[in-house]
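Trainee: Next up, input25.csv (CSV, C-alpha atoms).
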chain,number,residue,atom,x,y,z
N,1,MET,CA,56.5,29.0,-37.1
N,2,ARG,CA,57.2,32.7,-37.2
N,3,SER,CA,54.5,35.2,-36.4
N,4,GLU,CA,53.2,37.8,-38.9
N,5,ALA,CA,55.0,40.5,-37.0
N,6,GLU,CA,58.3,38.7,-37.1
N,7,ILE,CA,58.0,38.1,-40.9
N,8,ARG,CA,57.1,41.7,-41.5
N,9,GLU,CA,60.0,42.9,-39.5
N,10,GLN,CA,62.5,40.8,-41.4
N,11,LEU,CA,61.0,41.9,-44.7
N,12,ARG,CA,61.4,45.6,-43.6
N,13,THR,CA,65.0,44.9,-42.6
N,14,PHE,CA,65.7,43.4,-46.1
N,15,VAL,CA,64.0,46.3,-47.9
N,16,ARG,CA,65.7,48.9,-45.8
N,17,HIS,CA,69.1,47.3,-46.5
N,18,HIS,CA,68.5,47.6,-50.3
N,19,ALA,CA,66.5,50.9,-50.3
N,20,GLY,CA,69.4,53.2,-50.3
N,21,GLY,CA,67.9,55.6,-47.7
N,22,VAL,CA,64.5,55.8,-49.3
N,23,ASP,CA,61.7,56.0,-46.7
N,24,ILE,CA,59.4,53.0,-47.0
N,25,THR,CA,56.2,51.9,-45.4
N,26,ASP,CA,54.4,48.5,-45.6
N,27,ASP,CA,52.3,49.7,-48.5
N,28,THR,CA,55.2,51.3,-50.5
N,29,GLU,CA,55.1,49.9,-54.1
N,30,LEU,CA,58.6,48.6,-54.0
N,31,PHE,CA,59.0,47.5,-57.6
N,32,THR,CA,56.8,50.1,-59.2
N,33,LEU,CA,58.9,52.8,-57.5
N,34,ARG,CA,62.1,50.9,-58.3
N,35,VAL,CA,63.1,50.8,-54.6
N,36,LEU,CA,63.8,47.1,-55.5
N,37,ARG,CA,64.5,45.7,-58.9
N,38,SER,CA,64.1,42.3,-60.5
N,39,VAL,CA,67.8,41.5,-59.6
N,40,HIS,CA,66.7,41.5,-55.9
N,41,LEU,CA,64.1,38.9,-56.3
N,42,PRO,CA,66.1,35.7,-55.9
N,43,GLU,CA,67.4,36.8,-52.5
N,44,LEU,CA,63.9,38.0,-51.6
N,45,ILE,CA,62.4,34.7,-52.6
N,46,ILE,CA,65.0,32.8,-50.5
N,47,LEU,CA,64.2,35.0,-47.5
N,48,LEU,CA,60.4,34.5,-47.9
N,49,GLU,CA,60.8,30.7,-48.2
N,50,ARG,CA,62.9,30.6,-45.0
N,51,LEU,CA,60.5,32.8,-43.1
N,52,ARG,CA,57.4,30.8,-44.1
N,53,GLY,CA,59.2,27.5,-44.1
N,54,ALA,CA,57.8,26.4,-47.4
N,55,PRO,CA,58.9,26.7,-51.1
N,56,ILE,CA,57.6,29.3,-53.5
N,57,ASP,CA,56.9,28.3,-57.1
N,58,VAL,CA,58.6,31.0,-59.1
N,59,GLU,CA,56.9,29.8,-62.3
N,60,GLN,CA,53.6,31.0,-60.8
N,61,LEU,CA,54.6,34.4,-59.7
N,62,ARG,CA,53.7,37.9,-60.9
N,63,ILE,CA,55.7,41.0,-60.1
N,64,GLY,CA,52.7,42.4,-58.3
N,65,ASP,CA,53.1,39.7,-55.7
N,66,PHE,CA,56.2,41.5,-54.4
N,67,ASP,CA,55.1,45.1,-54.9
N,68,GLY,CA,55.1,46.0,-51.2
N,69,ILE,CA,55.4,44.4,-47.8
N,70,ASP,CA,51.6,44.2,-47.5
N,71,ALA,CA,51.4,42.6,-50.9
N,72,MET,CA,54.0,40.0,-49.9
N,73,MET,CA,52.3,39.3,-46.6
N,74,ALA,CA,49.0,38.7,-48.4
N,75,ARG,CA,50.6,36.4,-51.0
N,76,PHE,CA,53.2,34.6,-48.9
N,77,GLY,CA,52.7,35.4,-45.3
N,78,ALA,CA,51.3,32.1,-44.4
N,79,VAL,CA,51.9,28.6,-45.8
N,80,GLN,CA,49.0,27.7,-47.9
N,81,PRO,CA,47.2,24.5,-46.7
S,1,MET,CA,74.1,50.1,-85.8
S,2,SER,CA,73.6,48.9,-82.2
S,3,ALA,CA,76.4,48.8,-79.7
S,4,LEU,CA,76.1,45.0,-79.7
S,5,ALA,CA,76.4,44.8,-83.5
S,6,THR,CA,79.5,47.0,-83.4
S,7,ALA,CA,81.1,45.0,-80.6
S,8,LEU,CA,80.4,41.7,-82.4
S,9,ALA,CA,82.0,43.1,-85.5
S,10,GLN,CA,85.0,44.1,-83.4
S,11,VAL,CA,85.4,40.5,-82.1
S,12,SER,CA,84.7,38.8,-85.4
S,13,GLN,CA,88.2,37.3,-85.8
S,14,THR,CA,87.7,35.7,-82.4
S,15,THR,CA,84.2,34.4,-83.2
S,16,ASP,CA,85.4,33.1,-86.6
S,17,ARG,CA,88.1,31.1,-84.8
S,18,LEU,CA,85.7,29.9,-82.1
S,19,SER,CA,83.2,28.8,-84.8
S,20,ARG,CA,85.9,26.7,-86.5
S,21,LEU,CA,86.7,25.1,-83.1
S,22,SER,CA,83.0,24.5,-82.5
S,23,VAL,CA,82.7,22.7,-85.8
S,24,ARG,CA,85.7,20.5,-85.0
S,25,ALA,CA,84.4,19.7,-81.5
S,26,HIS,CA,80.8,19.1,-82.6
S,27,GLN,CA,79.3,16.3,-80.6
S,28,ASN,CA,76.2,14.2,-80.3
S,29,PRO,CA,75.0,14.3,-76.7
S,30,TYR,CA,72.6,11.4,-77.3
S,31,THR,CA,75.3,8.8,-78.1
S,32,LEU,CA,78.4,10.1,-76.3
S,33,VAL,CA,77.4,8.9,-72.8
S,34,ASP,CA,76.8,5.3,-71.8
S,35,TRP,CA,74.4,6.1,-68.9
S,36,PRO,CA,74.6,3.5,-66.1
S,37,SER,CA,71.2,2.0,-65.2
S,38,ALA,CA,71.7,3.1,-61.6
S,39,VAL,CA,74.2,4.9,-59.4
S,40,ASP,CA,75.0,4.5,-55.7
S,41,PRO,CA,74.9,7.9,-54.0
S,42,GLU,CA,76.4,6.5,-50.8
S,43,ARG,CA,79.2,4.6,-52.4
S,44,ASP,CA,80.6,7.1,-55.0
S,45,TRP,CA,81.5,10.7,-54.8
S,46,PHE,CA,79.5,12.8,-57.3
S,47,SER,CA,80.9,16.2,-56.1
S,48,THR,CA,84.2,17.2,-54.8
S,49,PRO,CA,83.7,17.1,-51.1
S,50,GLU,CA,85.6,20.4,-50.4
S,51,TYR,CA,83.2,22.0,-52.9
S,52,VAL,CA,80.0,20.8,-51.2
S,53,SER,CA,78.2,23.8,-49.8
S,54,LEU,CA,78.1,22.4,-46.3
S,55,HIS,CA,81.9,21.9,-46.2
S,56,GLY,CA,83.3,23.6,-43.2
S,57,THR,CA,80.1,23.7,-41.3
S,58,ALA,CA,79.2,21.9,-38.1
S,59,VAL,CA,76.6,19.8,-39.9
S,60,TRP,CA,79.2,18.5,-42.4
S,61,ALA,CA,81.6,17.7,-39.5
S,62,GLY,CA,78.9,15.6,-37.9
S,63,LEU,CA,78.2,13.5,-41.0
S,64,ASP,CA,79.7,10.1,-41.5
S,65,ASP,CA,81.4,9.2,-44.8
S,66,SER,CA,78.3,7.7,-46.5
S,67,ALA,CA,76.1,10.6,-45.5
S,68,ARG,CA,78.7,13.0,-46.9
S,69,ARG,CA,78.7,11.1,-50.2
S,70,ARG,CA,74.9,11.3,-50.2
S,71,VAL,CA,74.9,15.0,-49.7
S,72,ALA,CA,77.6,15.4,-52.4
S,73,PHE,CA,75.3,13.3,-54.8
S,74,HIS,CA,72.3,15.6,-54.3
S,75,GLU,CA,74.5,18.6,-54.5
S,76,ALA,CA,75.7,17.4,-57.9
S,77,ALA,CA,72.0,17.3,-58.9
S,78,GLY,CA,71.6,20.8,-57.5
S,79,PHE,CA,74.7,22.0,-59.4
S,80,TYR,CA,73.5,20.5,-62.7
S,81,SER,CA,70.0,22.0,-62.0
S,82,LEU,CA,71.3,25.5,-61.6
S,83,ASN,CA,73.3,24.9,-64.9
S,84,ILE,CA,70.0,23.9,-66.6
S,85,HIS,CA,68.2,27.0,-65.4
S,86,GLY,CA,71.2,29.3,-66.2
S,87,GLU,CA,71.4,27.7,-69.7
S,88,LYS,CA,67.7,28.1,-70.2
S,89,THR,CA,68.0,31.8,-69.6
S,90,LEU,CA,71.0,31.9,-71.8
S,91,ILE,CA,69.3,30.0,-74.6
S,92,GLN,CA,66.3,32.4,-74.4
S,93,GLY,CA,68.6,35.4,-74.6
S,94,LEU,CA,70.6,34.0,-77.5
S,95,ALA,CA,67.5,33.0,-79.4
S,96,ALA,CA,66.1,36.5,-78.9
S,97,ARG,CA,69.3,38.0,-80.5
S,98,LEU,CA,69.6,35.3,-83.3
S,99,TYR,CA,68.8,37.1,-86.6
S,100,ARG,CA,67.8,40.3,-84.9
S,101,SER,CA,67.8,42.8,-87.7
S,102,ASP,CA,71.1,44.4,-86.7
S,103,LEU,CA,72.9,41.1,-85.8
S,104,ALA,CA,72.3,39.0,-88.8
S,105,GLY,CA,76.0,39.1,-89.7
S,106,SER,CA,76.8,37.5,-86.4
S,107,ALA,CA,74.3,34.6,-86.6
S,108,GLY,CA,77.1,32.0,-87.3
S,109,TYR,CA,78.6,32.1,-83.8
S,110,LEU,CA,75.3,32.6,-82.1
S,111,HIS,CA,74.1,29.4,-83.7
S,112,HIS,CA,77.1,27.5,-82.2
S,113,PHE,CA,76.7,29.1,-78.8
S,114,LEU,CA,73.0,28.3,-78.7
S,115,ASP,CA,73.5,24.7,-80.0
S,116,GLU,CA,76.2,24.0,-77.4
S,117,GLU,CA,74.2,25.3,-74.5
S,118,ASN,CA,71.3,23.1,-75.5
S,119,LYS,CA,73.6,20.1,-75.6
S,120,HIS,CA,75.0,20.9,-72.1
S,121,SER,CA,71.5,20.8,-70.8
S,122,VAL,CA,70.9,17.4,-72.3
S,123,TYR,CA,73.8,16.1,-70.2
S,124,PHE,CA,72.7,17.9,-67.0
S,125,GLY,CA,69.1,16.9,-67.5
S,126,GLY,CA,70.1,13.4,-68.4
S,127,PHE,CA,71.7,13.0,-65.0
S,128,CYS,CA,69.0,14.7,-63.0
S,129,THR,CA,66.1,13.0,-64.5
S,130,ARG,CA,67.7,9.5,-64.4
S,131,TYR,CA,69.1,9.5,-60.9
S,132,ALA,CA,67.7,12.5,-58.9
S,133,ARG,CA,65.5,15.4,-60.1
S,134,VAL,CA,65.8,18.9,-61.6
S,135,HIS,CA,65.8,21.3,-58.7
S,136,ARG,CA,63.9,24.6,-59.0
S,137,SER,CA,65.5,28.0,-59.4
S,138,ARG,CA,64.7,31.3,-57.7
S,139,GLN,CA,65.7,33.3,-60.8
S,140,ALA,CA,62.4,34.9,-61.8
S,141,PRO,CA,62.3,35.5,-65.6
S,142,TRP,CA,60.7,38.9,-65.7
S,143,ARG,CA,61.2,41.3,-68.5
S,144,THR,CA,62.5,44.8,-67.8
S,145,ASP,CA,62.0,48.1,-69.6
S,146,ARG,CA,65.6,49.0,-69.9
S,147,PRO,CA,67.2,50.4,-73.1
S,148,ARG,CA,68.3,47.7,-75.5
S,149,ASP,CA,72.0,48.4,-75.3
S,150,VAL,CA,71.8,48.1,-71.4
S,151,ASP,CA,69.9,44.9,-71.7
S,152,ASP,CA,72.4,43.5,-74.2
S,153,PHE,CA,75.3,44.4,-72.0
S,154,LEU,CA,73.7,43.0,-68.8
S,155,PHE,CA,72.8,39.8,-70.7
S,156,PHE,CA,76.3,39.0,-71.8
S,157,ALA,CA,77.9,40.2,-68.6
S,158,LYS,CA,75.6,38.1,-66.4
S,159,THR,CA,76.2,35.1,-68.7
S,160,LEU,CA,79.9,35.6,-68.2
S,161,ILE,CA,79.7,35.8,-64.4
S,162,PHE,CA,77.5,32.7,-64.3
S,163,GLU,CA,79.8,30.7,-66.6
S,164,GLU,CA,83.0,31.8,-64.8
S,165,ILE,CA,81.8,30.5,-61.5
S,166,VAL,CA,80.4,27.3,-63.0
S,167,ASP,CA,83.6,26.7,-64.9
S,168,HIS,CA,85.7,26.8,-61.8
S,169,TYR,CA,83.7,24.0,-60.3
S,170,ASN,CA,83.9,22.1,-63.6
S,171,ARG,CA,87.7,22.4,-63.8
S,172,VAL,CA,88.1,21.2,-60.2
S,173,GLN,CA,85.7,18.3,-60.5
S,174,ALA,CA,86.8,17.1,-63.9
S,175,ARG,CA,90.3,16.6,-62.4
S,176,ASP,CA,89.1,15.0,-59.1
S,177,ALA,CA,90.0,11.3,-59.3
S,178,ARG,CA,87.7,10.5,-56.4
S,179,LEU,CA,84.6,11.3,-58.4
S,180,HIS,CA,82.5,8.8,-60.3
S,181,PRO,CA,83.5,8.7,-64.0
S,182,LEU,CA,80.1,10.0,-65.1
S,183,ALA,CA,80.4,13.1,-62.8
S,184,ARG,CA,84.0,13.7,-64.1
S,185,PHE,CA,82.8,13.4,-67.7
S,186,ILE,CA,79.9,15.8,-67.3
S,187,ASN,CA,82.2,18.4,-65.6
S,188,ASP,CA,85.1,17.9,-68.1
S,189,ASN,CA,82.9,18.1,-71.2
S,190,HIS,CA,81.2,21.2,-69.9
S,191,HIS,CA,84.6,22.8,-69.1
S,192,ARG,CA,86.0,22.1,-72.6
S,193,GLU,CA,82.9,23.6,-74.3
S,194,GLU,CA,82.7,26.6,-71.9
S,195,ALA,CA,86.3,27.5,-72.5
S,196,ARG,CA,85.3,28.8,-75.9
S,197,HIS,CA,82.3,30.7,-74.5
S,198,LEU,CA,84.4,32.4,-71.8
S,199,VAL,CA,86.9,33.6,-74.4
S,200,PHE,CA,84.0,35.1,-76.4
S,201,GLY,CA,82.3,36.5,-73.3
S,202,ARG,CA,85.4,38.3,-72.0
S,203,ARG,CA,86.1,39.9,-75.3
S,204,LEU,CA,82.6,40.9,-76.0
S,205,VAL,CA,81.9,42.3,-72.6
S,206,THR,CA,85.1,44.3,-72.7
S,207,GLU,CA,84.2,45.7,-76.1
S,208,LEU,CA,80.7,46.6,-75.0
S,209,TRP,CA,81.8,48.3,-71.8
S,210,GLN,CA,84.6,50.3,-73.5
S,211,ALA,CA,82.3,51.6,-76.2
S,212,ALA,CA,79.4,52.4,-73.9
S,213,ASP,CA,78.4,56.0,-73.3
S,214,TRP,CA,76.1,55.7,-70.3
S,215,ASP,CA,75.5,58.5,-67.9
S,216,GLN,CA,76.6,58.1,-64.3
S,217,PRO,CA,73.3,56.9,-62.8
S,218,THR,CA,72.9,54.3,-65.6
S,219,ALA,CA,76.4,53.0,-65.1
S,220,ALA,CA,75.9,52.9,-61.3
S,221,GLU,CA,72.7,50.9,-61.8
S,222,ILE,CA,74.4,48.4,-64.1
S,223,ARG,CA,77.2,48.0,-61.6
S,224,ASP,CA,74.7,47.4,-58.8
S,225,ASP,CA,72.8,44.9,-61.0
S,226,LEU,CA,75.9,42.9,-61.7
S,227,ALA,CA,77.0,42.9,-58.1
S,228,ARG,CA,73.6,41.7,-56.9
S,229,PHE,CA,73.7,39.1,-59.6
S,230,VAL,CA,77.0,37.7,-58.2
S,231,THR,CA,75.3,37.4,-54.8
S,232,ALA,CA,72.1,35.9,-56.3
S,233,THR,CA,74.1,33.4,-58.3
S,234,TRP,CA,76.0,32.2,-55.3
S,235,ARG,CA,72.8,31.9,-53.2
S,236,GLU,CA,71.6,29.2,-55.6
S,237,TYR,CA,74.5,27.0,-54.5
S,238,TYR,CA,72.9,26.8,-51.0
S,239,HIS,CA,69.7,24.9,-51.9
S,240,PRO,CA,67.3,23.8,-49.2
S,241,ASP,CA,65.7,21.2,-51.5
S,242,VAL,CA,69.1,19.6,-52.0
S,243,TYR,CA,69.6,19.3,-48.2
S,244,ALA,CA,66.1,18.0,-47.8
S,245,ASP,CA,66.7,15.3,-50.5
S,246,ALA,CA,69.9,14.3,-48.7
S,247,GLY,CA,67.8,13.7,-45.6
S,248,LEU,CA,69.0,16.7,-43.6
S,249,GLY,CA,66.5,18.5,-41.3
S,250,ASP,CA,65.5,22.2,-41.2
S,251,PRO,CA,66.8,22.8,-44.7
S,252,TRP,CA,66.0,26.6,-44.9
S,253,GLU,CA,67.9,27.3,-41.7
S,254,LEU,CA,70.7,25.0,-42.8
S,255,ALA,CA,71.0,27.0,-46.1
S,256,GLU,CA,71.2,30.2,-44.2
S,257,ALA,CA,73.8,28.8,-41.7
S,258,ALA,CA,75.9,27.4,-44.6
S,259,TRP,CA,75.7,30.7,-46.5
S,260,SER,CA,77.0,32.6,-43.5
S,261,ALA,CA,79.7,30.0,-42.5
S,262,PRO,CA,83.3,31.6,-42.5
S,263,ASP,CA,84.7,28.7,-44.6
S,264,GLN,CA,82.0,29.1,-47.2
S,265,ARG,CA,82.6,32.9,-47.4
S,266,THR,CA,86.2,32.2,-48.0
S,267,HIS,CA,85.4,29.6,-50.6
S,268,ARG,CA,83.1,32.0,-52.5
S,269,ARG,CA,85.7,34.7,-52.5
S,270,GLN,CA,88.4,32.3,-53.9
S,271,VAL,CA,86.2,30.8,-56.6
S,272,SER,CA,85.0,34.3,-57.7
S,273,ALA,CA,88.5,35.8,-57.7
S,274,ASP,CA,89.4,35.4,-61.4
S,275,CYS,CA,86.0,36.6,-62.5
S,276,LEU,CA,86.0,39.7,-60.2
S,277,ARG,CA,89.6,40.5,-61.2
S,278,PHE,CA,88.5,40.6,-64.9
S,279,LEU,CA,85.5,42.8,-64.1
S,280,ALA,CA,87.7,45.1,-62.0
S,281,VAL,CA,90.5,45.4,-64.6
S,282,ALA,CA,87.9,46.1,-67.3
S,283,GLY,CA,86.5,48.9,-65.1
S,284,ILE,CA,83.1,47.3,-64.9
S,285,LEU,CA,83.0,46.6,-61.2
S,286,THR,CA,84.7,49.2,-58.9
S,287,GLU,CA,84.1,47.4,-55.6
S,288,GLU,CA,83.5,44.0,-54.3
S,289,PRO,CA,79.9,42.8,-54.6
S,290,ALA,CA,78.0,43.6,-51.4
S,291,ASP,CA,76.8,40.7,-49.4
S,292,ALA,CA,78.3,38.0,-51.7
S,293,PHE,CA,81.1,37.2,-49.2
Please, can you express the file's structure as structure tokens?
Mentor:
Amino acid sequence: MRSEAEIREQLRTFVRHHAGGVDITDDTELFTLRVLRSVHLPELIILLERLRGAPIDVEQLRIGDFDGIDAMMARFGAVQP
Amino acid sequence: MSALATALAQVSQTTDRLSRLSVRAHQNPYTLVDWPSAVDPERDWFSTPEYVSLHGTAVWAGLDDSARRRVAFHEAAGFYSLNIHGEKTLIQGLAARLYRSDLAGSAGYLHHFLDEENKHSVYFGGFCTRYARVHRSRQAPWRTDRPRDVDDFLFFAKTLIFEEIVDHYNRVQARDARLHPLARFINDNHHREEARHLVFGRRLVTELWQAADWDQPTAAEIRDDLARFVTATWREYYHPDVYADAGLGDPWELAEAAWSAPDQRTHRRQVSADCLRFLAVAGILTEEPADAF
């Protein structure tokens, strides 16, 4: 199982790849500030599933769950028991 | 008058003709198929082996024939599932535009389109619920606050991209004599129906794009959205749940490895070629979608 640091680093890499040169930190509100848009979500969800090794139920999601690396870690960082 | 209403008026001769064809091809999905009581995933092919998402990978090379057929069976359920989810989004979008105040004159063809998409899902769902399961999608259905004309264009352009890729698989698998007759029927029937939708989609998307008067940042964002959609659509073909159902280990890593495999990159580029050529000739996409290949 990946550590929190590894998961954060891969999320940062994903966000930087799509951010178009915008400076981001772990608490940058990625969707509120339109650094990412809804069209990025399927790939983001696939990445999160792979990093945590467990599925994510898209029918139970809110956009706020993805609005920053901190927010994603809080919601998806660890597989729920 | 909205841009969509104007474009639909421009293509009205096409939609009138397609409506007549739809009436002639009208079918009852509840009586047309004689569903077998059971199928044997390790005896029959349900997907064209060369179109299985693991084809060309080391894992595929290491499987015996019955294991390959088993993977191809679950991949068929995965393919039908992504059709179900794509059609669900399409049905929602069509229903939202049906009898919209500016589109009332175009309701006739929208009724056919919506009706036919629902019927396709009856076939896809019929297979998945009888013999496998409906796999989940990662396409999150969130609303956006874009202007209506941008939303209308993106809706029909994404629909076209999705249907063009699916139709390529349908055409190949409908003709593949190795496949179980049920798999061939589902693919063939979908292809025959989608042929009308693709004619409509190409004409409408061209009209909408040519008439659009978007500023450069808006056009750039639309192009980026469509390019990302191509990638996201293809990602759905590499489904960890499908691999898990087929008995393969470490399904998320397997999905990532298959996505990155050179043979699979080539396959995606070949299957997408017609669609991307259309989008390029229409001036909609000016470069190849990043990350898709």
Trainee: If you take only C-alpha atoms and a cut-off of 8 Å, which residues of chain N touch chain S, and what are their nearest atom pairs and distances in Å to one decimal, in chain and number order, as JSON lines?
Mentor:
{"residue": "N:Ser38", "atom": "CA", "partner": "S:Trp142", "partner_atom": "CA", "distance": 7.1}
{"residue": "N:Val39", "atom": "CA", "partner": "S:Asp225", "partner_atom": "CA", "distance": 6.2}
{"residue": "N:His40", "atom": "CA", "partner": "S:Arg228", "partner_atom": "CA", "distance": 7.0}
{"residue": "N:Leu41", "atom": "CA", "partner": "S:Ala140", "partner_atom": "CA", "distance": 7.0}
{"residue": "N:Pro42", "atom": "CA", "partner": "S:Arg138", "partner_atom": "CA", "distance": 5.0}
{"residue": "N:Glu43", "atom": "CA", "partner": "S:Ala232", "partner_atom": "CA", "distance": 6.1}
{"residue": "N:Ile45", "atom": "CA", "partner": "S:Arg138", "partner_atom": "CA", "distance": 6.5}
{"residue": "N:Ile46", "atom": "CA", "partner": "S:Arg138", "partner_atom": "CA", "distance": 7.4}
{"residue": "N:Glu49", "atom": "CA", "partner": "S:Trp252", "partner_atom": "CA", "distance": 7.4}
{"residue": "N:Arg50", "atom": "CA", "partner": "S:Trp252", "partner_atom": "CA", "distance": 5.1}
{"residue": "N:Gly53", "atom": "CA", "partner": "S:Trp252", "partner_atom": "CA", "distance": 6.9}
{"residue": "N:Val58", "atom": "CA", "partner": "S:Ala140", "partner_atom": "CA", "distance": 6.1}
{"residue": "N:Glu59", "atom": "CA", "partner": "S:Ala140", "partner_atom": "CA", "distance": 7.5}
{"residue": "N:Ile63", "atom": "CA", "partner": "S:Trp142", "partner_atom": "CA", "distance": 7.8}
Trainee: Restricted to C-alpha atoms, what would the selected residues look like written as a JSON list (two decimals), keeping the file's coordinate frame?
Mentor:
[["chain", "number", "residue", "atom", "x", "y", "z"],
["N", 38, "SER", "CA", 64.10, 42.30, -60.50],
["N", 39, "VAL", "CA", 67.80, 41.50, -59.60],
["N", 40, "HIS", "CA", 66.70, 41.50, -55.90],
["N", 41, "LEU", "CA", 64.10, 38.90, -56.30],
["N", 42, "PRO", "CA", 66.10, 35.70, -55.90],
["N", 43, "GLU", "CA", 67.40, 36.80, -52.50],
["N", 45, "ILE", "CA", 62.40, 34.70, -52.60],
["N", 46, "ILE", "CA", 65.00, 32.80, -50.50],
["N", 49, "GLU", "CA", 60.80, 30.70, -48.20],
["N", 50, "ARG", "CA", 62.90, 30.60, -45.00],
["N", 53, "GLY", "CA", 59.20, 27.50, -44.10],
["N", 58, "VAL", "CA", 58.60, 31.00, -59.10],
["N", 59, "GLU", "CA", 56.90, 29.80, -62.30],
["N", 63, "ILE", "CA", 55.70, 41.00, -60.10]]
Trainee: May I ask which of the residues S:Arg148, S:His191, S:Arg223, S:Arg43 is the closest one to Arg100 of chain S, counting all atoms listed in the file?
Mentor: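 Ranked by minimum distance to Arg100 of chain S, first place goes to S:Arg148.
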Trainee: Step by step: start from the point (56.5, 42.3, -51.4) in the file's coordinates, keep every protein, DNA or RNA residue that has an atom no farther than 12 Å from it, count all atoms listed in the file, and write the set as a VMD selection string.
Mentor: chain N and resid 7 to 8 10 to 12 14 to 15 24 to 32 35 to 38 40 to 41 44 to 45 47 to 48 61 to 77
Trainee: Closest to Ser47 of chain S among S:Ser121, S:Ser260, S:Gln270, S:Asn187, using all atoms listed in the file?
Mentor: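 Of S:Ser121, S:Ser260, S:Gln270, S:Asn187, the one nearest Ser47 of chain S, counting all atoms listed in the file, is S:Asn187.
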Trainee: Just give me the gap between atom CA of Thr57 of chain S and atom CA of Trp45 of chain S in Å, one decimal is fine.
Mentor: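 According to the coordinates, atom CA of Thr57 of chain S and atom CA of Trp45 of chain S are separated by 18.8 Å.
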Trainee: Could you list, as a PyMOL selection string, every residue within 8 Å of segment 67-82 of chain S, counting all atoms listed in the file and ignoring same-chain residues fewer than 6 positions away?
Mentor: chain S and resi 41-49+52-53+60+124-125+127-128+132-137+236-237+239+242-243+245-246
Trainee: So how far away is atom CA of Arg20 of chain S from atom CA of Leu208 of chain S, in Å?
Mentor: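 Between atom CA of Leu208 of chain S and atom CA of Arg20 of chain S the gap is 23.6 Å.
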Trainee: List the neighbours of Asp16 of chain S out to 10 Å using all atoms listed in the file; skip same-chain residues closer than 6 positions along the sequence, and give me the result as a list of chain:residue names.
Mentor: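 Final neighbour list, sorted by chain and number: S:Ser22, S:Ser106, S:Gly108, S:Tyr109.
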Trainee: Could you name the residues that touch Asp34 of chain S at 12 Å or less, counting only C-alpha atoms, but leaving out those on the same chain fewer than 6 positions away, as a list in words?
Mentor: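 Listed by chain and then number, they are Tyr123, Gly126, Phe127, Pro181, Leu182, Phe185 and Ile186 of chain S.
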Trainee: Could you take the residues named above and write them with C-alpha atoms, as an mmCIF file, in the frame of the given file?
Mentor:
data_model
loop_
_atom_site.group_PDB
_atom_site.id
_atom_site.type_symbol
_atom_site.label_atom_id
_atom_site.label_comp_id
_atom_site.auth_asym_id
_atom_site.auth_seq_id
_atom_site.Cartn_x
_atom_site.Cartn_y
_atom_site.Cartn_z
ATOM 1 C CA TYR S 123 73.800 16.100 -70.200
ATOM 2 C CA GLY S 126 70.100 13.400 -68.400
ATOM 3 C CA PHE S 127 71.700 13.000 -65.000
ATOM 4 C CA PRO S 181 83.500 8.700 -64.000
ATOM 5 C CA LEU S 182 80.100 10.000 -65.100
ATOM 6 C CA PHE S 185 82.800 13.400 -67.700
ATOM 7 C CA ILE S 186 79.900 15.800 -67.300
#
Trainee: Neighbouring residues of segment 151-167 of chain S were defined as those with any atom within 8 Å, considering all atoms listed in the file; residues of the same chain fewer than 6 positions away were excluded. Please report them as number ranges by chain.
Mentor: S: 4, 83, 86, 90, 93, 190-191, 194, 198, 201-202, 204-205, 208-209, 222, 226, 229-230, 233, 271-272, 275
Trainee: Rounded to one decimal in Å, what is the spacing between atom CA of His180 of chain S and atom CA of Ala258 of chain S?
Mentor: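 One can read the atom CA of His180 of chain S to atom CA of Ala258 of chain S distance as 25.2 Å.
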Trainee: Within 12 Å of Asn28 of chain S, counting only C-alpha atoms, which residues show up once you throw out same-chain ones fewer than 6 positions away? Write them as JSON, numbers by chain, please.
Mentor: {"S": [115, 116, 118, 119, 120, 122, 123, 189]}
Trainee: Restricted to C-alpha atoms, what would the selected residues look like written as a PDB file, in the frame of the given file?
Mentor:
ATOM      1  CA  ASP S 115      73.500  24.700 -80.000  1.00  0.00           C
ATOM      2  CA  GLU S 116      76.200  24.000 -77.400  1.00  0.00           C
ATOM      3  CA  ASN S 118      71.300  23.100 -75.500  1.00  0.00           C
ATOM      4  CA  LYS S 119      73.600  20.100 -75.600  1.00  0.00           C
ATOM      5  CA  HIS S 120      75.000  20.900 -72.100  1.00  0.00           C
ATOM      6  CA  VAL S 122      70.900  17.400 -72.300  1.00  0.00           C
ATOM      7  CA  TYR S 123      73.800  16.100 -70.200  1.00  0.00           C
ATOM      8  CA  ASN S 189      82.900  18.100 -71.200  1.00  0.00           C
TER       9      ASN S 189
END
Trainee: For segment 5-10 of chain N, supply N, CA and C atoms and report the output as a PDB file, keeping the file's coordinate frame.
Mentor:
ATOM      1  N   ALA N   5      54.127  39.366 -37.341  1.00  0.00           N
ATOM      2  CA  ALA N   5      55.000  40.500 -37.000  1.00  0.00           C
ATOM      3  C   ALA N   5      56.431  40.238 -37.211  1.00  0.00           C
ATOM      4  N   GLU N   6      56.877  39.019 -36.905  1.00  0.00           N
ATOM      5  CA  GLU N   6      58.300  38.700 -37.100  1.00  0.00           C
ATOM      6  C   GLU N   6      58.615  38.700 -38.625  1.00  0.00           C
ATOM      7  N   ILE N   7      57.730  38.138 -39.426  1.00  0.00           N
ATOM      8  CA  ILE N   7      58.000  38.100 -40.900  1.00  0.00           C
ATOM      9  C   ILE N   7      58.025  39.506 -41.440  1.00  0.00           C
ATOM     10  N   ARG N   8      57.073  40.339 -41.021  1.00  0.00           N
ATOM     11  CA  ARG N   8      57.100  41.700 -41.500  1.00  0.00           C
ATOM     12  C   ARG N   8      58.374  42.439 -41.134  1.00  0.00           C
ATOM     13  N   GLU N   9      58.825  42.233 -39.914  1.00  0.00           N
ATOM     14  CA  GLU N   9      60.000  42.900 -39.500  1.00  0.00           C
ATOM     15  C   GLU N   9      61.249  42.515 -40.286  1.00  0.00           C
ATOM     16  N   GLN N  10      61.338  41.228 -40.590  1.00  0.00           N
ATOM     17  CA  GLN N  10      62.500  40.800 -41.400  1.00  0.00           C
ATOM     18  C   GLN N  10      62.398  41.268 -42.823  1.00  0.00           C
TER      19      GLN N  10
END
